[in-house]
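Data file: work.cif. Format and content: mmCIF, C-alpha atoms.
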data_start
#
loop_
_atom_site.label_atom_id
_atom_site.label_comp_id
_atom_site.auth_asym_id
_atom_site.auth_seq_id
_atom_site.Cartn_x
_atom_site.Cartn_y
_atom_site.Cartn_z
CA MET B 1 157.94 -96.28 76.53
CA ARG B 2 159.05 -93.11 74.72
CA LEU B 3 156.46 -91.13 72.73
CA SER B 4 157.31 -90.09 69.22
CA ALA B 5 157.22 -86.43 68.24
CA VAL B 6 154.19 -87.15 66.04
CA THR B 7 152.28 -88.68 68.96
CA ILE B 8 153.09 -85.74 71.23
CA LEU B 9 151.99 -83.28 68.55
CA PHE B 10 148.72 -85.21 68.07
CA LEU B 11 147.97 -85.14 71.82
CA VAL B 12 148.66 -81.41 72.05
CA LEU B 13 146.45 -80.66 69.07
CA PHE B 14 143.66 -82.89 70.35
CA ASN B 15 143.77 -81.26 73.78
CA ASN B 16 143.61 -77.77 72.29
CA THR B 17 140.66 -78.57 70.05
CA ALA B 18 138.64 -80.48 72.67
CA LYS B 19 135.54 -78.63 73.84
CA THR B 20 136.54 -78.23 77.47
CA GLN B 21 134.47 -76.67 80.20
CA ASP B 22 135.12 -74.87 83.44
CA LEU B 23 135.18 -75.63 87.15
CA ILE B 24 133.60 -73.54 89.90
CA ILE B 25 133.95 -74.54 93.56
CA THR B 26 131.50 -72.68 95.78
CA ALA B 27 132.16 -71.51 99.32
CA LYS B 28 129.97 -74.43 100.47
CA GLY B 29 132.27 -76.91 98.71
CA ASP B 30 130.04 -77.74 95.72
CA SER B 31 131.86 -78.42 92.44
CA LEU B 32 130.17 -77.26 89.23
CA ASN B 33 130.96 -78.48 85.72
CA CYS B 34 129.90 -75.38 83.81
CA LYS B 35 130.73 -72.83 81.16
CA ILE B 36 131.80 -69.44 82.53
CA THR B 37 130.34 -66.79 80.22
CA LYS B 38 131.36 -63.57 81.97
CA ILE B 39 133.67 -62.61 84.85
CA LYS B 40 133.10 -59.32 86.64
CA SER B 41 134.57 -57.78 89.77
CA ASP B 42 131.53 -58.74 91.86
CA TYR B 43 129.81 -61.60 89.96
CA ILE B 44 130.70 -64.59 87.79
CA HIS B 45 128.11 -65.54 85.16
CA PHE B 46 127.95 -69.16 84.02
CA THR B 47 125.82 -71.83 82.34
CA PHE B 48 125.32 -75.26 83.92
CA LYS B 49 123.14 -78.35 83.78
CA TYR B 50 120.64 -79.00 86.58
CA GLU B 51 118.28 -82.00 86.51
CA ASN B 52 118.59 -82.31 82.70
CA GLU B 53 117.82 -78.61 82.29
CA ILE B 54 120.28 -75.97 81.04
CA ARG B 55 120.38 -72.86 83.24
CA ASN B 56 122.03 -69.47 82.98
CA THR B 57 122.84 -67.83 86.31
CA LEU B 58 125.47 -65.99 88.34
CA LEU B 59 127.11 -66.07 91.77
CA PRO B 60 128.69 -63.29 93.87
CA VAL B 61 132.47 -63.68 94.01
CA GLU B 62 132.32 -64.01 97.82
CA GLN B 63 130.33 -67.24 97.35
CA ILE B 64 133.00 -68.73 95.08
CA LYS B 65 136.05 -70.38 96.65
CA PHE B 66 137.86 -71.27 93.40
CA TYR B 67 137.35 -71.41 89.66
CA GLN B 68 139.40 -72.62 86.70
CA LYS B 69 138.79 -72.29 82.99
CA ASP B 70 139.06 -75.36 80.70
CA PHE B 71 139.18 -77.81 83.63
CA TYR B 72 136.86 -80.54 82.34
CA SER B 73 137.54 -82.38 79.09
CA ASN B 74 133.99 -83.81 79.01
CA PRO B 75 131.53 -80.89 78.93
CA GLU B 76 128.09 -81.33 80.47
CA VAL B 77 126.60 -78.33 78.67
CA PRO B 78 126.36 -78.64 74.86
CA ILE B 79 127.78 -75.66 72.98
CA ASP B 80 124.50 -75.04 71.13
CA LYS B 81 122.69 -74.80 74.47
CA ILE B 82 125.05 -72.07 75.65
CA LYS B 83 124.22 -70.02 72.57
CA ASN B 84 120.47 -70.36 73.15
CA VAL B 85 120.40 -70.33 76.92
CA ASP B 86 118.52 -67.02 77.07
CA CYS B 87 115.36 -68.91 76.07
CA ASN B 88 115.33 -70.75 79.41
CA TYR B 89 114.13 -67.88 81.59
CA HIS B 90 111.72 -64.97 81.26
CA LYS B 91 113.40 -61.64 80.60
CA LEU B 92 110.31 -59.40 80.82
CA ARG B 93 107.92 -59.09 83.77
CA LEU B 94 104.94 -56.73 83.66
CA GLY B 95 102.37 -56.65 86.43
CA GLY B 96 99.48 -54.91 88.12
CA TYR B 97 98.50 -55.25 91.77
CA GLY B 98 96.34 -53.85 94.56
CA GLY B 99 95.26 -54.46 98.13
CA TRP B 100 95.05 -53.22 101.71
CA SER B 101 97.36 -50.63 103.27
CA ASN B 102 98.02 -49.20 106.71
CA MET B 103 100.13 -46.17 107.63
CA THR B 104 102.57 -46.97 110.43
CA ALA B 105 103.15 -43.60 112.14
CA LYS B 106 101.72 -43.23 115.63
CA VAL B 107 98.95 -40.74 116.33
CA SER B 108 100.56 -37.52 117.53
CA GLU B 109 100.11 -36.52 121.15
CA ASN B 110 99.09 -33.08 119.85
CA VAL B 111 95.85 -34.50 118.39
CA PRO B 112 92.90 -33.67 120.71
CA ALA B 113 91.35 -36.71 122.41
CA ASP B 114 88.04 -36.19 120.56
CA PHE B 115 89.79 -36.66 117.19
CA LYS B 116 92.24 -39.51 117.94
CA GLN B 117 89.84 -42.20 116.67
CA TYR B 118 89.26 -40.16 113.51
CA VAL B 119 93.01 -40.03 112.83
CA LYS B 120 93.42 -43.77 113.55
CA GLU B 121 90.73 -44.61 110.99
CA LEU B 122 92.46 -42.33 108.49
CA LYS B 123 95.59 -44.49 108.55
CA SER B 124 93.92 -47.48 106.90
CA GLY B 125 93.21 -47.47 103.16
CA TYR B 126 93.86 -49.21 99.86
CA HIS B 127 96.48 -49.11 97.11
CA PHE B 128 96.99 -50.15 93.51
CA GLY B 129 99.85 -49.92 91.04
CA GLY B 130 102.05 -51.58 88.48
CA ASP B 131 105.66 -52.44 87.72
CA PHE B 132 107.89 -53.45 84.85
CA SER B 133 111.17 -55.39 85.11
CA TYR B 134 113.76 -56.53 82.59
CA PHE B 135 116.00 -59.40 83.75
CA THR B 136 119.60 -59.25 82.54
CA SER B 137 120.13 -62.73 84.03
CA GLU B 138 117.97 -65.42 85.59
CA ASN B 139 118.18 -63.78 89.02
CA ILE B 140 118.74 -60.03 88.54
CA GLY B 141 116.46 -57.46 86.91
CA PHE B 142 115.91 -53.70 86.65
CA GLY B 143 112.77 -51.71 86.05
CA ILE B 144 110.27 -49.11 87.26
CA LYS B 145 107.45 -49.16 89.82
CA TYR B 146 104.35 -47.03 90.45
CA SER B 147 101.84 -47.19 93.29
CA MET B 148 98.97 -45.05 94.58
CA PHE B 149 97.61 -45.08 98.14
CA ARG B 150 94.18 -43.66 98.98
CA THR B 151 92.49 -43.03 102.29
CA GLY B 152 89.85 -40.69 103.65
CA ASN B 153 87.57 -39.90 106.55
CA GLU B 154 84.81 -37.47 107.37
CA LEU B 155 83.23 -36.10 110.53
CA ASN B 156 80.22 -33.77 110.70
CA ASN B 157 79.14 -31.17 113.23
CA ILE B 158 82.56 -30.27 114.57
CA TYR B 159 83.34 -26.86 116.01
CA ALA B 160 86.43 -24.73 115.69
CA VAL B 161 87.51 -21.44 117.25
CA ASP B 162 88.85 -18.73 114.92
CA THR B 163 92.18 -17.72 116.45
CA VAL B 164 91.86 -14.19 115.05
CA THR B 165 88.25 -13.25 115.84
CA GLY B 166 87.54 -15.74 118.62
CA GLN B 167 84.36 -16.77 116.84
CA VAL B 168 83.17 -20.36 117.25
CA ARG B 169 82.21 -21.99 113.95
CA THR B 170 80.66 -25.37 113.19
CA GLY B 171 80.89 -27.53 110.10
CA LYS B 172 82.63 -30.53 108.59
CA LEU B 173 86.03 -32.17 109.12
CA LYS B 174 87.22 -34.10 106.08
CA ASP B 175 90.44 -35.62 104.71
CA ASP B 176 90.86 -37.12 101.22
CA ILE B 177 94.51 -38.23 100.95
CA THR B 178 96.38 -39.50 97.88
CA ILE B 179 100.03 -40.62 98.10
CA GLN B 180 101.81 -41.68 94.92
CA TYR B 181 105.18 -43.38 94.52
CA PHE B 182 107.33 -43.64 91.40
CA GLY B 183 110.89 -44.89 91.05
CA PRO B 184 113.39 -47.32 89.53
CA ILE B 185 113.68 -50.81 91.02
CA LEU B 186 116.34 -53.45 91.49
CA CYS B 187 114.63 -56.85 91.32
CA THR B 188 116.00 -60.22 92.46
CA LYS B 189 114.36 -63.56 91.70
CA ILE B 190 114.93 -67.09 92.96
CA SER B 191 113.00 -69.80 91.11
CA SER B 192 112.00 -73.30 92.19
CA ALA B 193 113.48 -76.28 90.36
CA ASN B 194 110.41 -76.62 88.11
CA LYS B 195 110.20 -72.83 87.60
CA LYS B 196 106.57 -72.78 88.73
CA THR B 197 107.24 -70.69 91.85
CA HIS B 198 109.36 -67.53 91.96
CA PHE B 199 110.46 -65.70 95.11
CA ILE B 200 110.73 -62.00 94.27
CA SER B 201 112.22 -59.02 96.09
CA ASP B 202 112.24 -55.41 94.87
CA PHE B 203 114.26 -52.46 96.17
CA SER B 204 113.56 -48.93 95.03
CA LEU B 205 114.53 -45.36 95.86
CA GLY B 206 112.13 -42.87 94.31
CA TYR B 207 109.70 -39.99 94.81
CA LEU B 208 106.62 -39.78 97.06
CA SER B 209 103.98 -37.13 96.30
CA TYR B 210 101.32 -36.19 98.85
CA LYS B 211 97.95 -34.47 98.35
CA ASN B 212 95.12 -33.92 100.83
CA ASN B 213 91.85 -32.33 99.71
CA ALA B 214 90.83 -31.34 103.22
CA THR B 215 88.05 -29.50 104.99
CA VAL B 216 88.06 -27.90 108.44
CA ILE B 217 84.88 -25.85 108.17
CA GLU B 218 86.41 -24.36 104.97
CA ASN B 219 87.96 -26.27 102.08
CA PHE B 220 91.71 -26.22 101.43
CA THR B 221 94.44 -28.36 99.83
CA LEU B 222 97.74 -29.57 101.25
CA THR B 223 100.45 -30.82 98.89
CA SER B 224 103.99 -32.01 99.49
CA GLY B 225 106.68 -34.40 98.29
CA THR B 226 109.72 -36.26 99.58
CA LEU B 227 112.25 -38.98 98.85
CA GLY B 228 110.79 -42.45 99.35
CA LEU B 229 112.20 -45.91 99.96
CA PHE B 230 110.28 -48.97 98.74
CA LEU B 231 110.89 -52.61 99.77
CA ASP B 232 108.89 -55.54 98.42
CA LEU B 233 108.91 -59.29 99.18
CA GLY B 234 106.61 -61.80 97.53
CA VAL B 235 105.91 -64.98 95.61
CA ASP B 236 104.76 -65.51 92.02
CA PHE B 237 102.82 -68.72 91.30
CA ALA B 238 102.76 -69.71 87.62
CA ILE B 239 99.27 -70.05 86.12
CA ASP B 240 100.65 -70.85 82.68
CA ASN B 241 103.90 -70.23 80.84
CA ASN B 242 103.41 -66.46 80.61
CA LEU B 243 100.99 -65.61 83.43
CA SER B 244 101.43 -65.81 87.20
CA LEU B 245 99.58 -64.85 90.37
CA GLY B 246 101.56 -62.79 92.88
CA LEU B 247 101.20 -62.32 96.66
CA PHE B 248 103.31 -59.55 98.18
CA PHE B 249 104.23 -57.68 101.34
CA SER B 250 105.63 -54.17 100.88
CA TYR B 251 106.95 -51.34 103.02
CA THR B 252 107.12 -47.73 101.84
CA LEU B 253 109.16 -45.27 103.93
CA GLY B 254 108.76 -41.50 103.79
CA THR B 255 108.54 -38.37 105.98
CA LEU B 256 107.22 -34.87 105.16
CA ASN B 257 108.88 -31.75 106.58
CA GLN B 258 106.54 -29.15 105.04
CA TYR B 259 103.16 -28.58 103.36
CA ASN B 260 102.09 -26.27 100.57
CA TYR B 261 98.73 -24.79 101.67
CA ASN B 262 96.13 -23.40 99.23
CA ASP B 263 92.52 -22.45 100.04
CA GLY B 264 91.73 -20.65 96.78
CA LYS B 265 92.40 -17.29 98.38
CA GLN B 266 95.98 -17.64 99.53
CA SER B 267 98.94 -19.96 99.17
CA LYS B 268 101.70 -20.48 101.70
CA THR B 269 104.31 -22.98 102.83
CA ILE B 270 103.91 -24.53 106.27
CA LYS B 271 107.22 -25.70 107.74
CA LEU B 272 107.09 -28.58 110.23
CA ASP B 273 109.55 -28.60 113.12
CA THR B 274 111.68 -31.68 113.80
CA ASN B 275 109.36 -32.81 116.61
CA ASN B 276 106.24 -32.71 114.43
CA LEU B 277 107.30 -34.19 111.10
CA GLU B 278 104.53 -36.01 109.21
CA GLY B 279 105.24 -39.72 108.77
CA ILE B 280 103.63 -41.21 105.64
CA SER B 281 105.29 -44.65 105.83
CA ARG B 282 102.99 -47.61 105.31
CA ILE B 283 102.75 -51.37 104.83
CA ASP B 284 100.91 -52.96 101.90
CA LEU B 285 99.46 -56.43 101.42
CA SER B 286 98.96 -57.03 97.70
CA VAL B 287 97.64 -59.53 95.20
CA GLY B 288 98.37 -59.13 91.50
CA LEU B 289 98.76 -60.66 88.06
CA ARG B 290 102.13 -60.80 86.25
CA TRP B 291 102.78 -61.27 82.55
CA ASN B 292 106.16 -62.85 81.78
CA LYS B 293 107.94 -63.16 78.46
#

Take the structure from the file and write it as structure tokens.
Amino acid sequence: MRLSAVTILFLVLFNNTAKTQDLIITAKGDSLNCKITKIKSDYIHFTFKYENEIRNTLLPVEQIKFYQKDFYSNPEVPIDKIKNVDCNYHKLRLGGYGGWSNMTAKVSENVPADFKQYVKELKSGYHFGGDFSYFTSENIGFGIKYSMFRTGNELNNIYAVDTVTGQVRTGKLKDDITIQYFGPILCTKISSANKKTHFISDFSLGYLSYKNNATVIENFTLTSGTLGLFLDLGVDFAIDNNLSLGLFFSYTLGTLNQYNYNDGKQSKTIKLDTNNLEGISRIDLSVGLRWNK
């Protein structure tokens, strides 16, 4: 049967005004009825329906096999939900944390046998800090992180030989070390279906500052700084809609190649050769509270 020109025009107009939605086929072969909201060179952002809940997310282009705009004539995601989808995930995450730390560098062979146990004990300490993240999507966020590591040890009645006079002196050996980290972070988050559990990872490249208020018979201070790398893996467990409890494992990487020495009488820079660089890398086990909005 031949269609009249009026019928054809009606079908064309109806098709153009229908609220169609898009198709994404993932590399695993899953087909998604969704609304693509943004296409970038490395990610495709989209809104879709999962277990009667509207979600806003994104996928790397390498995980997408095929996509086509306006593929479905029966949309699963209501238009009004697309406009208000930002309400379905927390954009802000502010937290504080603390816990146990241990420096990972081995005890140098140059340390006298009588002081090896002292140096081993000095490697264990505690840390505390805070971070702030802003999520531009459900899975990706950016922010800043700060942490402080403290450790110390003390030993009385040691002796030392003055290399200039040859005089033997006795007194105290003490170290009071503070290492601070500050830097921007890239945060990724994967949430459970009910959004009660969130798997978090942070990556950061920032600055590590070092200070040791030390004593070897006489008091002196060593300071230094270096580029630091921070990696963080953990889980947030929701306590209520805006508060969660976090458990985390972190690794901070850094190496010092010099010290600034000051004893109140003189200041100088002590260069470390490549065989005796000071490793200040450490692992942290943390527990903290997170406020989400």

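You can rank B:Ile185, B:Ile36, B:Ala113, B:Leu256 by their closest distance to Glu278 (chain B) using only C-alpha atoms, and at the top of that list sits B:Leu256.
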
Evaluate the PyMOL selection byres ((chain B and resi 280) around 10) and report residues as number ranges by chain: B: 102-105, 123, 179, 208, 210, 226, 228, 252-256, 277-279, 281-282

Neighbour residues at most 7 Å from (91.6, -34.1, 102.5) (all atoms listed in the file) as number ranges by chain: B: 152, 174-177, 212-215, 221

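Shortest separation to Ser286 (chain B) among B:Thr197, B:Ser101, B:Asn157, B:Ser108 occurs at residue B:Ser101, atoms counted being all atoms listed in the file.
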
Hits from the PyMOL selection byres ((chain B and resi 136-145) around 7), listed as a ChimeraX atom specification: /B:56-57,89,91,130-135,146-147,182-190
